[in-house]
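Next up, work.json (JSON, C-alpha atoms and all ligand atoms):
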[["chain", "number", "residue", "atom", "x", "y", "z"],
["J", 1, "MET", "CA", 0.00, 0.00, 0.00],
["J", 2, "ALA", "CA", 1.26, 3.51, -0.84],
["J", 3, "ASP", "CA", 2.46, 5.80, 1.93],
["J", 4, "TYR", "CA", -0.24, 8.21, 3.06],
["J", 5, "LEU", "CA", 2.05, 10.34, 5.18],
["J", 6, "ARG", "CA", 5.80, 10.31, 4.69],
["J", 7, "ILE", "CA", 8.35, 12.25, 6.73],
["J", 8, "GLU", "CA", 11.90, 12.52, 5.42],
["J", 9, "ASN", "CA", 14.84, 13.70, 7.55],
["J", 10, "LEU", "CA", 12.68, 16.10, 9.54],
["J", 11, "LYS", "CA", 14.51, 18.46, 11.88],
["J", 12, "LYS", "CA", 13.24, 21.09, 14.26],
["J", 13, "TYR", "CA", 15.92, 23.09, 16.04],
["J", 14, "PHE", "CA", 15.42, 25.97, 18.47],
["J", 15, "LYS", "CA", 18.11, 28.58, 19.01],
["J", 16, "THR", "CA", 18.65, 29.47, 22.68],
["J", 17, "ALA", "CA", 21.21, 31.50, 24.59],
["J", 18, "LYS", "CA", 22.94, 28.24, 25.59],
["J", 19, "GLY", "CA", 23.08, 26.76, 22.08],
["J", 20, "THR", "CA", 20.82, 24.97, 19.59],
["J", 21, "VAL", "CA", 18.19, 22.59, 20.95],
["J", 22, "HIS", "CA", 17.80, 19.58, 18.63],
["J", 23, "ALA", "CA", 14.14, 18.95, 19.50],
["J", 24, "VAL", "CA", 13.50, 16.74, 16.45],
["J", 25, "ASP", "CA", 16.65, 15.45, 14.81],
["J", 26, "ASP", "CA", 16.57, 13.73, 11.42],
["J", 27, "VAL", "CA", 13.34, 11.77, 11.84],
["J", 28, "SER", "CA", 11.99, 9.71, 8.92],
["J", 29, "PHE", "CA", 8.97, 7.38, 8.76],
["J", 30, "SER", "CA", 5.78, 6.72, 6.83],
["J", 31, "ILE", "CA", 2.19, 5.72, 7.63],
["J", 32, "GLU", "CA", -0.36, 3.96, 5.44],
["J", 33, "ARG", "CA", -3.89, 5.32, 5.10],
["J", 34, "GLY", "CA", -6.24, 4.17, 7.87],
["J", 35, "LYS", "CA", -3.41, 3.08, 10.17],
["J", 36, "THR", "CA", -2.35, 4.35, 13.58],
["J", 37, "LEU", "CA", 1.26, 5.08, 14.46],
["J", 38, "GLY", "CA", 1.94, 5.31, 18.19],
["J", 39, "VAL", "CA", 4.83, 7.69, 18.97],
["J", 40, "VAL", "CA", 6.24, 6.88, 22.40],
["J", 41, "GLY", "CA", 8.91, 8.49, 24.55],
["J", 42, "GLU", "CA", 9.48, 10.35, 27.80],
["J", 43, "SER", "CA", 8.81, 14.06, 28.33],
["J", 44, "GLY", "CA", 11.10, 16.27, 26.27],
["J", 45, "CYS", "CA", 11.96, 13.60, 23.68],
["J", 46, "GLY", "CA", 10.47, 15.71, 20.87],
["J", 47, "LYS", "CA", 7.33, 13.68, 20.17],
["J", 48, "SER", "CA", 4.90, 16.61, 20.57],
["J", 49, "THR", "CA", 7.19, 18.91, 18.55],
["J", 50, "LEU", "CA", 7.19, 16.27, 15.81],
["J", 51, "GLY", "CA", 3.37, 16.15, 15.79],
["J", 52, "ARG", "CA", 3.14, 19.94, 15.66],
["J", 53, "CYS", "CA", 5.61, 20.14, 12.76],
["J", 54, "ILE", "CA", 3.62, 17.59, 10.75],
["J", 55, "ILE", "CA", 0.43, 19.64, 10.93],
["J", 56, "HIS", "CA", 2.32, 22.95, 10.65],
["J", 57, "LEU", "CA", 1.62, 24.37, 14.07],
["J", 58, "LEU", "CA", 5.43, 24.65, 14.01],
["J", 59, "GLU", "CA", 7.57, 25.09, 10.92],
["J", 60, "PRO", "CA", 10.27, 22.42, 10.53],
["J", 61, "THR", "CA", 13.89, 23.59, 10.30],
["J", 62, "SER", "CA", 14.53, 21.19, 7.43],
["J", 63, "GLY", "CA", 13.30, 17.93, 5.93],
["J", 64, "LYS", "CA", 10.28, 16.97, 3.84],
["J", 65, "ILE", "CA", 6.65, 16.14, 4.60],
["J", 66, "PHE", "CA", 4.50, 14.37, 1.99],
["J", 67, "PHE", "CA", 0.75, 13.94, 2.55],
["J", 68, "ASP", "CA", -1.52, 11.95, 0.25],
["J", 69, "GLY", "CA", 0.97, 12.21, -2.61],
["J", 70, "ALA", "CA", 1.69, 15.96, -2.27],
["J", 71, "ASP", "CA", 4.73, 17.74, -0.86],
["J", 72, "ILE", "CA", 3.32, 19.83, 2.01],
["J", 73, "THR", "CA", 6.63, 20.91, 3.54],
["J", 74, "LYS", "CA", 6.11, 24.60, 2.81],
["J", 75, "PRO", "CA", 2.42, 25.20, 2.07],
["J", 76, "THR", "CA", 1.11, 28.57, 0.89],
["J", 77, "PRO", "CA", -1.51, 30.20, 3.19],
["J", 78, "GLU", "CA", -4.29, 28.85, 0.91],
["J", 79, "GLU", "CA", -2.80, 25.35, 0.95],
["J", 80, "GLN", "CA", -2.38, 25.64, 4.71],
["J", 81, "LYS", "CA", -6.09, 26.41, 5.13],
["J", 82, "ALA", "CA", -7.06, 23.43, 2.95],
["J", 83, "LEU", "CA", -4.68, 21.20, 4.91],
["J", 84, "ARG", "CA", -6.15, 22.38, 8.21],
["J", 85, "GLN", "CA", -9.43, 20.89, 7.08],
["J", 86, "ARG", "CA", -7.84, 17.49, 6.46],
["J", 87, "MET", "CA", -5.26, 17.42, 9.30],
["J", 88, "GLN", "CA", -6.37, 18.04, 12.86],
["J", 89, "MET", "CA", -4.99, 17.73, 16.38],
["J", 90, "ILE", "CA", -6.44, 16.54, 19.67],
["J", 91, "PHE", "CA", -4.59, 18.10, 22.60],
["J", 92, "GLN", "CA", -3.54, 16.67, 25.95],
["J", 93, "ASP", "CA", -5.36, 19.14, 28.16],
["J", 94, "PRO", "CA", -8.85, 19.88, 26.86],
["J", 95, "PHE", "CA", -9.33, 22.47, 29.61],
["J", 96, "SER", "CA", -6.60, 24.73, 28.25],
["J", 97, "SER", "CA", -7.29, 23.96, 24.57],
["J", 98, "LEU", "CA", -10.97, 24.97, 24.81],
["J", 99, "ASN", "CA", -12.08, 28.59, 25.03],
["J", 100, "PRO", "CA", -13.63, 28.96, 28.52],
["J", 101, "ARG", "CA", -16.07, 31.59, 27.19],
["J", 102, "MET", "CA", -17.49, 29.31, 24.48],
["J", 103, "THR", "CA", -20.24, 26.75, 24.98],
["J", 104, "VAL", "CA", -19.80, 23.19, 23.79],
["J", 105, "ALA", "CA", -21.88, 23.85, 20.66],
["J", 106, "ASP", "CA", -20.01, 27.06, 19.82],
["J", 107, "SER", "CA", -16.61, 25.36, 20.24],
["J", 108, "ILE", "CA", -17.60, 22.70, 17.71],
["J", 109, "LEU", "CA", -19.25, 25.26, 15.44],
["J", 110, "GLU", "CA", -16.32, 27.68, 15.28],
["J", 111, "PRO", "CA", -14.08, 25.69, 12.83],
["J", 112, "MET", "CA", -17.10, 25.20, 10.51],
["J", 113, "GLU", "CA", -17.69, 28.94, 10.45],
["J", 114, "ILE", "CA", -14.02, 29.75, 9.81],
["J", 115, "HIS", "CA", -13.97, 27.32, 6.86],
["J", 116, "HIS", "CA", -17.44, 28.39, 5.56],
["J", 117, "MET", "CA", -18.68, 24.84, 5.64],
["J", 118, "TYR", "CA", -22.19, 24.04, 4.34],
["J", 119, "ASP", "CA", -22.12, 27.37, 2.44],
["J", 120, "GLY", "CA", -22.37, 29.19, 5.76],
["J", 121, "ASP", "CA", -25.88, 27.74, 6.31],
["J", 122, "LYS", "CA", -26.28, 28.21, 10.12],
["J", 123, "ASP", "CA", -29.13, 25.70, 10.49],
["J", 124, "ARG", "CA", -27.16, 23.06, 8.60],
["J", 125, "GLN", "CA", -24.07, 23.77, 10.73],
["J", 126, "ARG", "CA", -26.13, 23.43, 13.95],
["J", 127, "GLU", "CA", -27.50, 20.09, 12.71],
["J", 128, "GLU", "CA", -23.94, 18.97, 12.07],
["J", 129, "VAL", "CA", -22.86, 20.02, 15.58],
["J", 130, "ALA", "CA", -25.66, 17.86, 17.03],
["J", 131, "ARG", "CA", -24.62, 14.92, 14.83],
["J", 132, "ILE", "CA", -20.96, 15.21, 15.91],
["J", 133, "MET", "CA", -22.00, 15.40, 19.58],
["J", 134, "ASP", "CA", -23.91, 12.14, 19.08],
["J", 135, "THR", "CA", -20.86, 10.61, 17.39],
["J", 136, "VAL", "CA", -18.53, 11.37, 20.29],
["J", 137, "GLY", "CA", -21.07, 10.40, 22.96],
["J", 138, "LEU", "CA", -21.90, 13.89, 24.25],
["J", 139, "ALA", "CA", -25.52, 14.33, 25.35],
["J", 140, "ARG", "CA", -27.22, 17.11, 23.37],
["J", 141, "ARG", "CA", -28.38, 18.71, 26.63],
["J", 142, "LEU", "CA", -24.71, 19.71, 27.15],
["J", 143, "ALA", "CA", -24.68, 21.88, 24.03],
["J", 144, "ASP", "CA", -25.02, 25.11, 26.05],
["J", 145, "SER", "CA", -22.59, 24.08, 28.81],
["J", 146, "TYR", "CA", -19.22, 25.72, 29.31],
["J", 147, "PRO", "CA", -15.94, 23.75, 29.70],
["J", 148, "HIS", "CA", -15.74, 24.36, 33.49],
["J", 149, "GLU", "CA", -19.15, 22.70, 33.89],
["J", 150, "LEU", "CA", -17.91, 19.41, 32.38],
["J", 151, "ASP", "CA", -15.76, 16.62, 33.81],
["J", 152, "GLY", "CA", -12.41, 15.72, 32.20],
["J", 153, "GLY", "CA", -13.79, 12.91, 30.02],
["J", 154, "ARG", "CA", -16.57, 15.09, 28.60],
["J", 155, "ARG", "CA", -14.14, 17.97, 28.00],
["J", 156, "GLN", "CA", -11.90, 15.64, 26.01],
["J", 157, "ARG", "CA", -14.95, 14.49, 24.01],
["J", 158, "VAL", "CA", -15.53, 18.17, 23.14],
["J", 159, "GLY", "CA", -11.87, 18.38, 22.03],
["J", 160, "ILE", "CA", -12.40, 15.32, 19.82],
["J", 161, "ALA", "CA", -15.69, 16.73, 18.47],
["J", 162, "ARG", "CA", -13.92, 19.99, 17.59],
["J", 163, "ALA", "CA", -11.22, 18.05, 15.75],
["J", 164, "LEU", "CA", -13.92, 16.14, 13.82],
["J", 165, "ALA", "CA", -15.89, 19.27, 12.90],
["J", 166, "LEU", "CA", -14.01, 19.76, 9.62],
["J", 167, "GLN", "CA", -14.31, 16.07, 8.66],
["J", 168, "PRO", "CA", -10.55, 15.46, 8.64],
["J", 169, "ASP", "CA", -8.96, 12.22, 7.54],
["J", 170, "PHE", "CA", -5.74, 12.56, 9.55],
["J", 171, "ILE", "CA", -5.49, 13.40, 13.27],
["J", 172, "VAL", "CA", -2.50, 13.88, 15.57],
["J", 173, "CYS", "CA", -3.54, 12.90, 19.11],
["J", 174, "ASP", "CA", -1.08, 14.51, 21.55],
["J", 175, "GLU", "CA", -1.30, 12.61, 24.86],
["J", 176, "PRO", "CA", -5.13, 12.72, 24.64],
["J", 177, "VAL", "CA", -5.73, 10.53, 27.70],
["J", 178, "SER", "CA", -2.81, 11.25, 30.01],
["J", 179, "ALA", "CA", -4.72, 13.92, 31.97],
["J", 180, "LEU", "CA", -7.69, 11.59, 32.55],
["J", 181, "ASP", "CA", -8.58, 8.97, 35.17],
["J", 182, "VAL", "CA", -7.85, 5.38, 34.13],
["J", 183, "SER", "CA", -11.53, 4.44, 33.66],
["J", 184, "ILE", "CA", -12.11, 7.54, 31.50],
["J", 185, "GLN", "CA", -8.91, 6.79, 29.53],
["J", 186, "ALA", "CA", -10.42, 3.47, 28.41],
["J", 187, "GLN", "CA", -13.64, 5.20, 27.28],
["J", 188, "ILE", "CA", -11.74, 7.77, 25.21],
["J", 189, "LEU", "CA", -9.46, 5.12, 23.68],
["J", 190, "ASN", "CA", -12.51, 3.03, 22.75],
["J", 191, "LEU", "CA", -14.13, 6.12, 21.21],
["J", 192, "LEU", "CA", -11.02, 6.88, 19.12],
["J", 193, "GLN", "CA", -10.87, 3.24, 18.01],
["J", 194, "ASP", "CA", -14.55, 3.35, 16.94],
["J", 195, "LEU", "CA", -13.98, 6.62, 15.04],
["J", 196, "LYS", "CA", -10.98, 5.13, 13.29],
["J", 197, "GLU", "CA", -13.03, 2.15, 12.10],
["J", 198, "GLN", "CA", -16.18, 4.12, 11.20],
["J", 199, "MET", "CA", -14.47, 7.03, 9.45],
["J", 200, "GLY", "CA", -11.28, 5.40, 8.16],
["J", 201, "LEU", "CA", -9.16, 7.96, 10.03],
["J", 202, "THR", "CA", -5.37, 7.84, 10.10],
["J", 203, "PHE", "CA", -3.83, 8.67, 13.49],
["J", 204, "ILE", "CA", -0.52, 9.60, 15.01],
["J", 205, "PHE", "CA", -1.00, 8.85, 18.69],
["J", 206, "ILE", "CA", 1.60, 10.50, 20.92],
["J", 207, "THR", "CA", 2.07, 9.13, 24.43],
["J", 208, "HIS", "CA", 4.67, 8.55, 27.13],
["J", 209, "ASP", "CA", 2.96, 5.29, 28.08],
["J", 210, "LEU", "CA", 3.61, 2.24, 25.88],
["J", 211, "SER", "CA", 0.74, 0.30, 27.46],
["J", 212, "VAL", "CA", -1.77, 2.91, 26.20],
["J", 213, "VAL", "CA", -0.96, 2.22, 22.54],
["J", 214, "ASN", "CA", -0.60, -1.54, 22.86],
["J", 215, "HIS", "CA", -4.14, -2.27, 21.65],
["J", 216, "PHE", "CA", -4.63, 0.92, 19.66],
["J", 217, "ALA", "CA", -1.63, 1.39, 17.36],
["J", 218, "ASP", "CA", -0.75, -0.65, 14.28],
["J", 219, "GLU", "CA", 2.87, 0.42, 14.54],
["J", 220, "ILE", "CA", 4.94, 2.00, 17.28],
["J", 221, "ALA", "CA", 7.81, 4.47, 16.92],
["J", 222, "VAL", "CA", 10.00, 5.03, 19.99],
["J", 223, "MET", "CA", 11.73, 8.41, 20.33],
["J", 224, "TYR", "CA", 14.66, 9.37, 22.52],
["J", 225, "LEU", "CA", 16.16, 12.87, 22.70],
["J", 226, "GLY", "CA", 14.75, 14.00, 19.37],
["J", 227, "GLN", "CA", 15.60, 10.84, 17.44],
["J", 228, "LEU", "CA", 13.59, 7.83, 16.30],
["J", 229, "ILE", "CA", 15.40, 4.88, 17.86],
["J", 230, "GLU", "CA", 13.05, 1.98, 17.07],
["J", 231, "LYS", "CA", 9.97, 1.44, 14.92],
["J", 232, "ALA", "CA", 8.05, -1.76, 14.30],
["J", 233, "PRO", "CA", 4.54, -3.22, 14.00],
["J", 234, "THR", "CA", 3.03, -3.22, 17.51],
["J", 235, "GLU", "CA", 3.07, -6.99, 18.08],
["J", 236, "GLU", "CA", 6.61, -7.26, 16.74],
["J", 237, "LEU", "CA", 7.81, -4.47, 19.05],
["J", 238, "PHE", "CA", 6.20, -6.00, 22.13],
["J", 239, "ASP", "CA", 7.42, -9.53, 21.30],
["J", 240, "HIS", "CA", 10.90, -8.68, 19.99],
["J", 241, "PRO", "CA", 12.09, -5.33, 21.36],
["J", 242, "ILE", "CA", 15.69, -4.65, 20.38],
["J", 243, "HIS", "CA", 16.85, -1.21, 21.54],
["J", 244, "PRO", "CA", 17.89, -1.16, 25.22],
["J", 245, "TYR", "CA", 15.67, 1.88, 25.83],
["J", 246, "THR", "CA", 12.59, 0.16, 24.39],
["J", 247, "ARG", "CA", 13.34, -2.91, 26.47],
["J", 248, "ALA", "CA", 13.52, -0.74, 29.60],
["J", 249, "LEU", "CA", 10.18, 0.91, 28.74],
["J", 250, "LEU", "CA", 8.51, -2.47, 28.19],
["J", 251, "SER", "CA", 9.89, -3.87, 31.43],
["J", 252, "ALA", "CA", 8.20, -1.03, 33.33],
["J", 253, "ILE", "CA", 4.66, -1.86, 32.11],
["J", 254, "PRO", "CA", 2.60, -3.31, 34.99],
["J", 255, "ILE", "CA", 1.08, -6.73, 34.27],
["J", 256, "PRO", "CA", -2.24, -7.04, 36.15],
["J", 257, "GLU", "CA", -2.82, -10.80, 35.63],
["J", 258, "VAL", "CA", -1.51, -13.08, 38.36],
["J", 259, "GLY", "CA", 0.71, -15.93, 37.13],
["J", 260, "ILE", "CA", 1.89, -14.24, 33.91],
["J", 261, "SER", "CA", 5.65, -14.02, 33.68],
["J", 262, "ARG", "CA", 7.09, -10.59, 32.99],
["J", 263, "PRO", "CA", 10.49, -9.43, 31.83],
["J", 264, "GLU", "CA", 12.93, -8.44, 34.54],
["J", 265, "ARG", "CA", 12.57, -4.73, 35.36],
["J", 266, "ILE", "CA", 15.37, -2.72, 33.76],
["J", 267, "LEU", "CA", 16.06, 0.42, 35.77],
["J", 268, "LEU", "CA", 17.62, 3.26, 33.81],
["J", 269, "LYS", "CA", 20.47, 5.01, 35.56],
["J", 270, "GLY", "CA", 22.27, 8.24, 34.84],
["J", 271, "GLU", "CA", 21.19, 11.60, 33.53],
["J", 272, "ILE", "CA", 19.37, 12.24, 30.27],
["J", 273, "SER", "CA", 21.84, 13.93, 27.91],
["J", 274, "SER", "CA", 21.22, 17.52, 26.94],
["J", 275, "PRO", "CA", 19.46, 18.12, 23.60],
["J", 276, "ILE", "CA", 21.58, 21.29, 23.20],
["J", 277, "ASP", "CA", 24.27, 20.76, 20.54],
["J", 278, "PRO", "CA", 24.48, 17.00, 21.26],
["J", 279, "PRO", "CA", 27.82, 15.30, 20.47],
["J", 280, "ASP", "CA", 28.07, 12.71, 17.67],
["J", 281, "GLU", "CA", 27.51, 9.68, 19.88],
["J", 282, "CYS", "CA", 24.55, 7.48, 20.77],
["J", 283, "ARG", "CA", 22.09, 9.77, 22.56],
["J", 284, "PHE", "CA", 21.31, 6.95, 25.00],
["J", 285, "ALA", "CA", 24.97, 6.24, 25.84],
["J", 286, "LYS", "CA", 24.89, 7.95, 29.24],
["J", 287, "ARG", "CA", 22.05, 5.72, 30.50],
["J", 288, "CYS", "CA", 22.65, 2.48, 28.61],
["J", 289, "ILE", "CA", 24.07, -0.47, 30.56],
["J", 290, "TYR", "CA", 25.69, -1.84, 27.37],
["J", 291, "THR", "CA", 27.64, 1.30, 26.35],
["J", 292, "CYS", "CA", 30.98, 0.52, 24.70],
["J", 293, "ASP", "CA", 33.63, 2.66, 22.93],
["J", 294, "GLN", "CA", 31.79, 2.44, 19.61],
["J", 295, "CYS", "CA", 28.70, 4.03, 21.23],
["J", 296, "HIS", "CA", 30.75, 7.15, 22.03],
["J", 297, "GLN", "CA", 32.43, 7.30, 18.61],
["J", 298, "SER", "CA", 29.34, 7.76, 16.43],
["J", 299, "CYS", "CA", 25.56, 8.02, 16.58],
["J", 300, "PRO", "CA", 24.01, 4.78, 15.24],
["J", 301, "LYS", "CA", 21.78, 5.06, 12.15],
["J", 302, "LEU", "CA", 18.23, 3.72, 12.02],
["J", 303, "MET", "CA", 18.28, 0.51, 9.97],
["J", 304, "GLU", "CA", 15.89, -2.33, 9.15],
["J", 305, "VAL", "CA", 17.03, -5.42, 11.04],
["J", 306, "ARG", "CA", 13.89, -7.58, 10.72],
["J", 307, "PRO", "CA", 11.04, -7.14, 8.19],
["J", 308, "GLY", "CA", 9.41, -3.79, 9.04],
["J", 309, "HIS", "CA", 11.48, -3.51, 12.22],
["J", 310, "PHE", "CA", 13.90, -0.56, 12.36],
["J", 311, "VAL", "CA", 16.36, 0.16, 15.16],
["J", 312, "SER", "CA", 19.33, 2.45, 15.80],
["J", 313, "CYS", "CA", 21.85, 0.70, 18.04],
["J", 314, "HIS", "CA", 25.42, -0.36, 17.28],
["J", 315, "LEU", "CA", 24.91, -3.61, 19.19],
["J", 316, "TRP", "CA", 21.51, -4.56, 17.73],
["J", 317, "LYS", "CA", 22.71, -8.06, 16.77],
["J", 318, "ASP", "CA", 23.32, -8.85, 20.45],
["J", 319, "PHE", "CA", 19.68, -8.06, 21.28],
["J", 320, "LEU", "CA", 17.92, -9.99, 18.51],
["J", 321, "SER", "CA", 15.55, -12.59, 19.94],
["J", 322, "GLU", "CA", 13.79, -15.46, 18.17],
["V", 1, "LIG", "FE1", 23.37, 1.32, 24.15],
["V", 1, "LIG", "FE2", 25.45, 1.58, 22.49],
["V", 1, "LIG", "FE3", 23.10, 0.66, 21.58],
["V", 1, "LIG", "FE4", 23.38, 3.22, 22.25],
["V", 1, "LIG", "S1", 24.44, 2.18, 20.59],
["V", 1, "LIG", "S2", 21.69, 1.88, 22.78],
["V", 1, "LIG", "S3", 24.76, 3.08, 24.02],
["V", 1, "LIG", "S4", 24.44, -0.32, 23.08]]
As structure tokens, what does this structure read like?
Amino acid sequence: MADYLRIENLKKYFKTAKGTVHAVDDVSFSIERGKTLGVVGESGCGKSTLGRCIIHLLEPTSGKIFFDGADITKPTPEEQKALRQRMQMIFQDPFSSLNPRMTVADSILEPMEIHHMYDGDKDRQREEVARIMDTVGLARRLADSYPHELDGGRRQRVGIARALALQPDFIVCDEPVSALDVSIQAQILNLLQDLKEQMGLTFIFITHDLSVVNHFADEIAVMYLGQLIEKAPTEELFDHPIHPYTRALLSAIPIPEVGISRPERILLKGEISSPIDPPDECRFAKRCIYTCDQCHQSCPKLMEVRPGHFVSCHLWKDFLSE
């Protein structure tokens, strides 16, 4: 199947008084239409910056972005507006991403008005707001409520409804459940899964928690300090993790069932390296228990070591499992 979204050598650097922050550093990957890519990594690894660059909330420093066959790296303002209709974002904190002075209905209506949907027909737009509220499981009686009158789960449903208002086909979900209680997390994940199946949506799902994307993502990309360090189909990554960082993340996932064996917990030691002007060495070298001279001499390149399974580690052969 052809790539629906393809990122080539994407970089996003920020100049600071202390030097250049390499927030996203030479990241390449692709996603097929209708699939979900989970992007996983700890805070500050660049995963949210990556998502924002893809939908042009931030301009990349260099690299290429192709979407549905077109080069969208540097869109004109008109192209940007058209892309905004097709590419949307769901934010981590619905409370801060929603306007506190707007009701639920007005929040969902606003993007339709900006994009003159339904020829500006107000009645038609209001009908569509009601339909979207049904789709995301928001009772219509909440249409005139304000964000502070809703609980976290309902607020996130409004955030999802707002993202759906323009009928997009690609959505970046930036930690959409991490601010919610566990029981509400499951409801929102189930809703996103249903929307994906009903509407054929393509997702990038950003999270710091590998267990959240286990049942949701078709593929998982692991980021560390601005770089993509491992990418594989979800089952392959969980069954045959290769990079020491991925293995440490997997070992930290709680297993609720009694009697199921779990990998030995790998505790990461040492400080996270600085993303400011990083040296040409493995970014994980300061925390990796396998670091050798080679790891300090050059930064390993991402390479395919099993079908569809990419990893950047000089010692990958030592970590291959059956
Ligand atoms: Fe560890 Fe070296 Fe592999 Fe980096 S390249 S993950 S330091 S073994």
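Counting all atoms listed in the file, the residue from J:Ala252, J:Ile242, J:Ile220, J:Ala139 that sits nearest to ligand LIG 1 (chain V) is J:Ile242.
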Looking at J:Glu219, J:Glu59, J:Asp277, J:Asp174, which one is nearest to Lys11 in chain J, with distances taken over all atoms listed in the file?
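Ranked by minimum distance to Lys11 in chain J, first place goes to J:Glu59.
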Can you tell me, as a compact mmCIF listing (two decimals) with C-alpha atoms, in the frame of the given file, what residues are no more than 6 Å from Val21 in chain J when counting only C-alpha atoms, ignoring any on the same chain fewer than 5 positions away?
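Okay, result_18.txt is ready:
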# COMPACT_ATOMS: atom_id res chain seq x y z
CA TYR J 13 15.92 23.09 16.04
CA PHE J 14 15.42 25.97 18.47
CA PRO J 275 19.46 18.12 23.60
CA ILE J 276 21.58 21.29 23.20
For the atom pair CA of Ile31 in chain J and CA of Cys313 in chain J, what is the interatomic distance in Å to one decimal place?
22.8 Å
Please list as a PyMOL selection string every residue within 9 Å of Ile206 in chain J, counting all atoms listed in the file and excluding residues in the same chain fewer than 4 positions away.
chain J and resi 37-41+47-48+51+172-176+213
Now that the selection is made, can you save its residues with C-alpha atoms as an mmCIF file, keeping the file's coordinate frame?
data_model
loop_
_atom_site.group_PDB
_atom_site.id
_atom_site.type_symbol
_atom_site.label_atom_id
_atom_site.label_comp_id
_atom_site.auth_asym_id
_atom_site.auth_seq_id
_atom_site.Cartn_x
_atom_site.Cartn_y
_atom_site.Cartn_z
ATOM 1 C CA LEU J 37 1.260 5.080 14.460
ATOM 2 C CA GLY J 38 1.940 5.310 18.190
ATOM 3 C CA VAL J 39 4.830 7.690 18.970
ATOM 4 C CA VAL J 40 6.240 6.880 22.400
ATOM 5 C CA GLY J 41 8.910 8.490 24.550
ATOM 6 C CA LYS J 47 7.330 13.680 20.170
ATOM 7 C CA SER J 48 4.900 16.610 20.570
ATOM 8 C CA GLY J 51 3.370 16.150 15.790
ATOM 9 C CA VAL J 172 -2.500 13.880 15.570
ATOM 10 C CA CYS J 173 -3.540 12.900 19.110
ATOM 11 C CA ASP J 174 -1.080 14.510 21.550
ATOM 12 C CA GLU J 175 -1.300 12.610 24.860
ATOM 13 C CA PRO J 176 -5.130 12.720 24.640
ATOM 14 C CA VAL J 213 -0.960 2.220 22.540
#
